[in-house]
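Report on the structure given below.
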Amino acid sequence: MQKVRLLLRAAALMSLLCAYPVEMLAQETGTSLMQDQASADVKAILDHRCVVCHSCYDAPCQLKLTSSAGVLRGASKEAVYHTERLTDAQPTRLGIDAQTVPEWRALGFHSVVGGQNAGLLERYLELGRQNPMPDNATLPSELGLAIDRPLVCPKADEFDAFSKAHPLAGMPYGTAPLAEAEFQVLKVWARNGAELPSATTDLPDGVKAQITNWEAFLNADNLRSQLMSRYLYEHLFLARLHFQGDDPRRFFQIVRSTTPPGEEIDIVATRRPFEDPGADLFYYRLQQITETIVHKEHLVYTLGPDRMDRYRQLFLGADWTLSELPPYGDAEGGNPFSTFMQIPARSRYQFLLDDALFFVRSFIRGPVCHGETAVDVIEDRFWVSFLDPDADLSITDPSFLEEGAAFLDLPVTEANAGVLGTLQGFSHKKQIEYLEFRDARYRAAPVYQSGFDYSSIWDGDGANTNALITVFRHFDNASAMTGFHGGIPETAWVIDFPIFERIYYDLVAGYDVFGRVEHQLATRLYMDELRMESEDTFLAFMPLDVRPQMHRSWYQGVLAELHTYWHQRRVDDSFPTGVTYETDQPKKEFFLRLLERGNGLWPVTDAINRCDAGGCASGQPEEALRDLAGQVGDWVKYLPDLSILVIEQNDEEIALFTLARDKAHYNVAFLFDEKARRKPEEDVLTILPGLIGSYPNFYFHVRQDQLESFIPALKSIQSQSDHMAVVEEFGVRRTSPDFWALSDRIYDLFLEQEPTQAGILDLNRYKDPKPTDDPD
């Protein structure tokens, strides 16, 4: 049935072209129905064939095809992600830093739309048509796939020379060609100015009323409300706001505007959300998001009457006063603890805890998460829990943050230092001072007599699944989900309020994707400190005699030991634990007890990866896949970081599973030369129902009755030639004739199963397995 639907879709496109020749499409304007249908077809093809690579800040040549504004803006020779940039770059955020085509041309963008001659879009499509990739073949070596590969980004007058030098660089890049009907529709669209349909902004009355209510709430003129709204804006500026009960595909964003509610929005453009808006008057406004939703930046946050009541309870119902508003600027934005000191710390921490998964995902789906060095600060899979507010001295003792805020500055306060050494020394020195302060305060507190126990870990107040989170790293990107998934991990984090807030301001609010190399590295180095602090807090729950050995297992090697020494990290072997352990596996016992406290909030077992006699998955395909999960073997190192397994259950239904490779390391203490710190013999596979991650590396496509041969084939891989044989039999290459159809089916099911959370997956990191590949 799915194949029938695809054929009908293609037939409809072809019939449209046959009934409405190219010349008529270029001239005819009277048939609105035909125009609407053509626009819808163009948008669907563009989203599923072009946006999969051309979206967000890492779009090649900054050509962002998620909206008409992006198409008209065009392309640039300047890369947003530039690890050797010595000066800050001019921001080029679509919809923010320029509003008109002439303004974008002044910022160095060139047109991709044709005038009298064929434009770059059409010429790239034609180049791809003239030089298609052979079916199911490996890509030629000259077609690089690395996300940091150098790009030429030719202008119109440079394209002839470019196409001669790079004849295989046509679109879609390095994949199976477009279907004939898709090619013709896009060609007609490109030839006629590449206009996209205007996004629907006509909102239902109920949504308009919600916008009115929220803008009135956020723009209340009393001082406490103004500071609360600033705090909310700085934490939600990346959010895709979704009104409870509304269309699952309609989203908004909170912006600062010079114009009041009821007027057209005029965005205040600042590099960071905590910078001075520069206007005597500005307003918080809700602006509809009209571009294509891509998963890698899709951070959904729900608004509704319950949410507003919660804000009133947390921020306006609490007993606090304010005589004047704090100033704006880098120094203030680099220390949210002093800026928002007057708002009770319990209110701020509970705000973060209420939607902890959203904020953890913001560390991942924000612009900071790009490339290997952005995420090699973390292990490939670890479990996260949170210190209960009643166990956190920064919450229970007001003097803790009053005195400790001076040690909690973030590197952004040194944004203009201009010297990496200054920034590195700053973050290192401040962190050591803070840890000394924290250690002294906890030693003087009653908790030092008894230690942290299970009640010291937030339990979600018995109803919130955000209390336990699993984070996965996929080499150069990451993902997160609630609950504890996979086998017992090597490391774990316990996050308190000062850690949580600093991670957010380091990686999200304070991160400037257009900043120079000092800023990029300072962000990464500071996150290194916060990871270690989170690990140390977890160790405080372990038995005293276990802590040193556990810590050494995380930081193996002479250089890692020097790293620990330089950071002046010493495992605290005197702070007692309040947990009484009954087994000789304290880490496992601790985690399972946290799961059991949920009373059903999370499954205690993992039905595929970590199950007992009563909690194992039964029936196909989960039962068969258990034979792959959590096992070591040479075969694991040949698998990509993130694969999607598509299992055909019958002619109409498919089941999706994610195969996440957990790479083992001697340590994650350094930015570079990760291979030297790898332990591939200890790699395992975590298998999850559905989709996780935004960047699939490969598809495996099998019928359910083929699992009996697919699973042994994987486990028998001992060489790259064995791996290639599995790819040829069960894999879907970039150049496979089924590549695009299968991608469409995966997205359609994703959208069906998670209509609010789903987004277009990014295929920039989709692998092209070769016989000569290094298995690691």
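Chain labels A, B, ... are given in the sequence in which chains occur in the structure tokens; within each chain residues are numbered consecutively from 1, and ligands are likewise numbered from 1 in the order shown.
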
Inset, instruction - Please provide as a PyMOL selection string all residues within 6 Å of range 294-310 of chain A, with the sequence filter that same-chain residues fewer than 5 positions apart are discarded (counting only C-alpha atoms). - result: chain A and resi 239-244+365+694+759-761

Legend entry - Non-local contacts of Thr175 in chain A (7 Å; only C-alpha atoms; under 5 positions in same chain excluded) as a VMD selection string: chain A and resid 133 734 to 735

Export of the given selection (N, CA and C atoms) as a PDB file, in the first residue's frame:
```pdb
ATOM      1  N   MET A 133      24.481   9.795  -9.719  1.00  0.00           N
ATOM      2  CA  MET A 133      25.262   8.752  -9.054  1.00  0.00           C
ATOM      3  C   MET A 133      24.774   7.381  -9.509  1.00  0.00           C
ATOM      4  N   ARG A 734      23.233   5.756   0.224  1.00  0.00           N
ATOM      5  CA  ARG A 734      22.810   7.074  -0.259  1.00  0.00           C
ATOM      6  C   ARG A 734      22.380   7.001  -1.714  1.00  0.00           C
ATOM      7  N   THR A 735      23.012   6.104  -2.488  1.00  0.00           N
ATOM      8  CA  THR A 735      22.738   6.009  -3.916  1.00  0.00           C
ATOM      9  C   THR A 735      21.711   4.930  -4.250  1.00  0.00           C
TER      10      THR A 735
END
```

Legend entry - DSSP-assigned alpha helix (DSSP H) members of range 512-618 of chain A, reported as a VMD selection string: chain A and resid 517 to 539 547 to 554 558 to 566 586 to 596

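Counting from CA of Asp573 in chain A, the distance to CA of Arg441 in chain A is 16.6 Å.
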
Inset, instruction - Could you tell me which of A:Asn667, A:Ser643, A:Arg438, A:Asn599 comes closest to Trp554 in chain A if we count only C-alpha atoms? - result: A:Asn667

Inset, instruction - Determine the nearest neighbour of Thr270 in chain A from the options A:Ala190, A:Ser338, A:Gly510, A:Asp461, counting only C-alpha atoms. - result: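 Ranking A:Ala190, A:Ser338, A:Gly510, A:Asp461 by distance to Thr270 in chain A, first place goes to A:Gly510.
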
Legend entry - Nearest to Ile265 in chain A by atom-to-atom distance, counting only C-alpha atoms, from A:Arg249, A:Lys663, A:Arg93, A:Arg285: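 Distance minimum relative to Ile265 in chain A lands on A:Arg285.
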
Inset, instruction - Please indicate the distance in Å from CA of Glu379 in chain A to CA of Tyr695 in chain A, rounded to one decimal place. - result: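 Going from CA of Glu379 in chain A over to CA of Tyr695 in chain A covers 18.0 Å.
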
Inset, instruction - Select, from A:Asn764, A:Ser257, A:Gln342, A:Asn136, the residue with the minimum atom-to-atom distance to Asn477 in chain A, counting only C-alpha atoms. - result: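 Ranking A:Asn764, A:Ser257, A:Gln342, A:Asn136 by distance to Asn477 in chain A, first place goes to A:Asn764.
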
Inset, instruction - Measure the distance from CA of Gly144 in chain A to CA of Leu94 in chain A in Å and round it to one decimal. - result: 27.1 Å

Legend entry - Residues near Arg123 in chain A, cut-off 9 Å, only C-alpha atoms, skip fewer than 4 positions along chain, as number ranges by chain: A: 118-119, 127-128, 159, 170, 187

Inset, instruction - Would you please give, as a ChimeraX atom specification, all residues of range 3-206 of chain A that DSSP assigns to strand (DSSP E or B) based on the backbone? - result: /A:75,94,98,110

Write the selection just made, keeping N, CA and C atoms, as a JSON list (two decimals), in the first residue's frame?
```
[["chain", "number", "residue", "atom", "x", "y", "z"],
["A", 75, "ALA", "N", 22.89, 32.46, -0.85],
["A", 75, "ALA", "CA", 24.03, 31.73, -0.30],
["A", 75, "ALA", "C", 25.17, 32.68, 0.03],
["A", 94, "LEU", "N", 18.62, 34.44, 10.00],
["A", 94, "LEU", "CA", 17.50, 34.71, 9.11],
["A", 94, "LEU", "C", 16.33, 35.28, 9.91],
["A", 98, "ALA", "N", 18.90, 40.85, 9.15],
["A", 98, "ALA", "CA", 18.55, 41.61, 7.94],
["A", 98, "ALA", "C", 17.14, 41.20, 7.56],
["A", 110, "HIS", "N", 24.73, 36.02, -1.98],
["A", 110, "HIS", "CA", 24.46, 36.16, -3.40],
["A", 110, "HIS", "C", 23.23, 35.36, -3.79]]
```

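Between Pro696 in chain A and the residues A:Ala725, A:Ala478, A:Leu408, A:Leu530, the shortest atom-to-atom distance, using only C-alpha atoms, involves A:Ala478.
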
Legend entry - Val579 in chain A environment, 8 Å, only C-alpha atoms, sequence neighbours closer than 6 positions dropped, as a PyMOL selection string: chain A and resi 451-454+541-542

Inset, instruction - Counting only C-alpha atoms, figure out which residue out of A:Gln585, A:Thr523, A:Thr482, A:Ser394 gets nearest to Ile499 in chain A. - result: A:Ser394

Inset, instruction - Find the spatial neighbours of Ile488 in chain A, counting only C-alpha atoms, within a cut-off of 10 Å - ignore same-chain residues fewer than 4 positions away - and output them as a ChimeraX atom specification. - result: /A:381-383,484,492,587-589,591-592,609-610,630

Residues just named, written with N, CA and C atoms as a compact mmCIF listing (two decimals), in the first residue's frame:
```
# COMPACT_ATOMS: atom_id res chain seq x y z
N ARG A 381 27.13 7.57 26.45
CA ARG A 381 25.81 7.39 27.09
C ARG A 381 26.00 7.51 28.59
N PHE A 382 25.20 8.33 29.22
CA PHE A 382 25.26 8.46 30.68
C PHE A 382 23.88 8.86 31.19
N TRP A 383 23.68 8.63 32.48
CA TRP A 383 22.39 8.90 33.11
C TRP A 383 22.48 10.14 33.98
N PHE A 484 15.87 5.95 32.25
CA PHE A 484 17.21 5.37 32.15
C PHE A 484 17.18 4.26 31.11
N ALA A 492 27.77 8.79 35.44
CA ALA A 492 26.47 9.41 35.68
C ALA A 492 26.70 10.80 36.23
N LYS A 587 26.68 1.05 42.23
CA LYS A 587 26.18 1.90 41.15
C LYS A 587 24.88 1.35 40.59
N LYS A 588 24.85 0.08 40.27
CA LYS A 588 23.64 -0.55 39.75
C LYS A 588 22.51 -0.48 40.77
N GLU A 589 22.81 -0.78 42.01
CA GLU A 589 21.79 -0.75 43.05
C GLU A 589 21.19 0.65 43.20
N PHE A 591 21.02 3.12 40.91
CA PHE A 591 20.17 3.48 39.78
C PHE A 591 18.83 2.76 39.82
N LEU A 592 18.84 1.48 40.11
CA LEU A 592 17.59 0.71 40.12
C LEU A 592 16.66 1.21 41.22
N ASN A 609 17.47 -3.89 26.34
CA ASN A 609 18.88 -3.79 26.68
C ASN A 609 19.23 -4.26 28.09
N ARG A 610 18.28 -4.17 29.01
CA ARG A 610 18.58 -4.46 30.42
C ARG A 610 17.31 -4.98 31.07
N GLY A 630 23.66 -4.58 24.22
CA GLY A 630 24.52 -4.63 25.38
C GLY A 630 25.65 -5.62 25.33
```

Legend entry - Contacts of Thr537 in chain A within 10 Å, only C-alpha atoms, excl. fewer than 3 positions in-chain, as a count of residues only: 15

Legend entry - All residues 10 Å or closer to Tyr504 in chain A, only C-alpha atoms, same chain fewer than 6 positions away omitted, as a PyMOL selection string: chain A and resi 234-235+352+359-360+362-363+510-511

May I have the residues from that selection written out with all heavy atoms, as a compact mmCIF listing (two decimals), in the first residue's frame?
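Wrote it out as out-v3.txt, contents follow:
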```txt
# COMPACT_ATOMS: atom_id res chain seq x y z
N GLU A 234 15.14 34.79 28.59
CA GLU A 234 16.51 34.31 28.46
C GLU A 234 16.58 32.78 28.45
O GLU A 234 17.54 32.21 27.94
CB GLU A 234 17.39 34.88 29.58
CG GLU A 234 17.62 36.38 29.43
CD GLU A 234 18.60 36.95 30.44
OE1 GLU A 234 19.32 36.16 31.10
OE2 GLU A 234 18.65 38.18 30.58
N HIS A 235 15.55 32.12 29.00
CA HIS A 235 15.55 30.66 29.03
C HIS A 235 14.69 30.02 27.94
O HIS A 235 14.80 28.82 27.70
CB HIS A 235 15.06 30.17 30.40
CG HIS A 235 16.06 30.36 31.50
ND1 HIS A 235 16.26 31.57 32.10
CD2 HIS A 235 16.96 29.49 32.07
CE1 HIS A 235 17.22 31.46 33.02
NE2 HIS A 235 17.66 30.21 33.02
N LEU A 352 13.46 25.15 36.11
CA LEU A 352 14.31 24.30 35.29
C LEU A 352 13.92 22.83 35.43
O LEU A 352 13.86 22.08 34.45
CB LEU A 352 15.77 24.48 35.67
CG LEU A 352 16.38 25.87 35.45
CD1 LEU A 352 17.80 25.92 35.99
CD2 LEU A 352 16.37 26.25 33.98
N PHE A 359 15.40 21.56 28.74
CA PHE A 359 16.64 22.32 28.91
C PHE A 359 17.86 21.47 28.57
O PHE A 359 18.82 21.98 27.97
CB PHE A 359 16.71 22.89 30.33
CG PHE A 359 15.74 24.00 30.54
CD1 PHE A 359 14.60 23.82 31.33
CD2 PHE A 359 15.92 25.22 29.92
CE1 PHE A 359 13.69 24.84 31.50
CE2 PHE A 359 15.00 26.26 30.08
CZ PHE A 359 13.88 26.07 30.87
N VAL A 360 17.86 20.19 28.90
CA VAL A 360 18.97 19.33 28.49
C VAL A 360 19.02 19.26 26.96
O VAL A 360 20.09 19.31 26.36
CB VAL A 360 18.83 17.93 29.11
CG1 VAL A 360 19.85 16.97 28.51
CG2 VAL A 360 19.01 18.00 30.62
N SER A 362 18.07 21.57 25.00
CA SER A 362 18.54 22.87 24.49
C SER A 362 20.05 22.92 24.46
O SER A 362 20.64 23.60 23.61
CB SER A 362 17.97 24.02 25.34
OG SER A 362 18.61 24.10 26.60
N PHE A 363 20.73 22.18 25.37
CA PHE A 363 22.19 22.10 25.29
C PHE A 363 22.61 21.40 24.00
O PHE A 363 23.70 21.65 23.48
CB PHE A 363 22.76 21.28 26.46
CG PHE A 363 22.28 21.67 27.83
CD1 PHE A 363 22.31 20.76 28.87
CD2 PHE A 363 21.78 22.94 28.09
CE1 PHE A 363 21.87 21.09 30.14
CE2 PHE A 363 21.34 23.29 29.36
CZ PHE A 363 21.38 22.36 30.38
N GLY A 510 24.58 32.05 26.65
CA GLY A 510 25.83 32.78 26.49
C GLY A 510 26.65 32.39 25.29
O GLY A 510 27.71 32.96 25.06
N TYR A 511 26.16 31.42 24.52
CA TYR A 511 26.95 30.94 23.39
C TYR A 511 26.65 31.76 22.14
O TYR A 511 25.48 31.94 21.77
CB TYR A 511 26.66 29.47 23.12
CG TYR A 511 27.48 28.92 21.97
CD1 TYR A 511 28.83 28.68 22.12
CD2 TYR A 511 26.91 28.68 20.73
CE1 TYR A 511 29.60 28.21 21.08
CE2 TYR A 511 27.66 28.20 19.67
CZ TYR A 511 29.01 27.97 19.85
OH TYR A 511 29.76 27.50 18.80
```
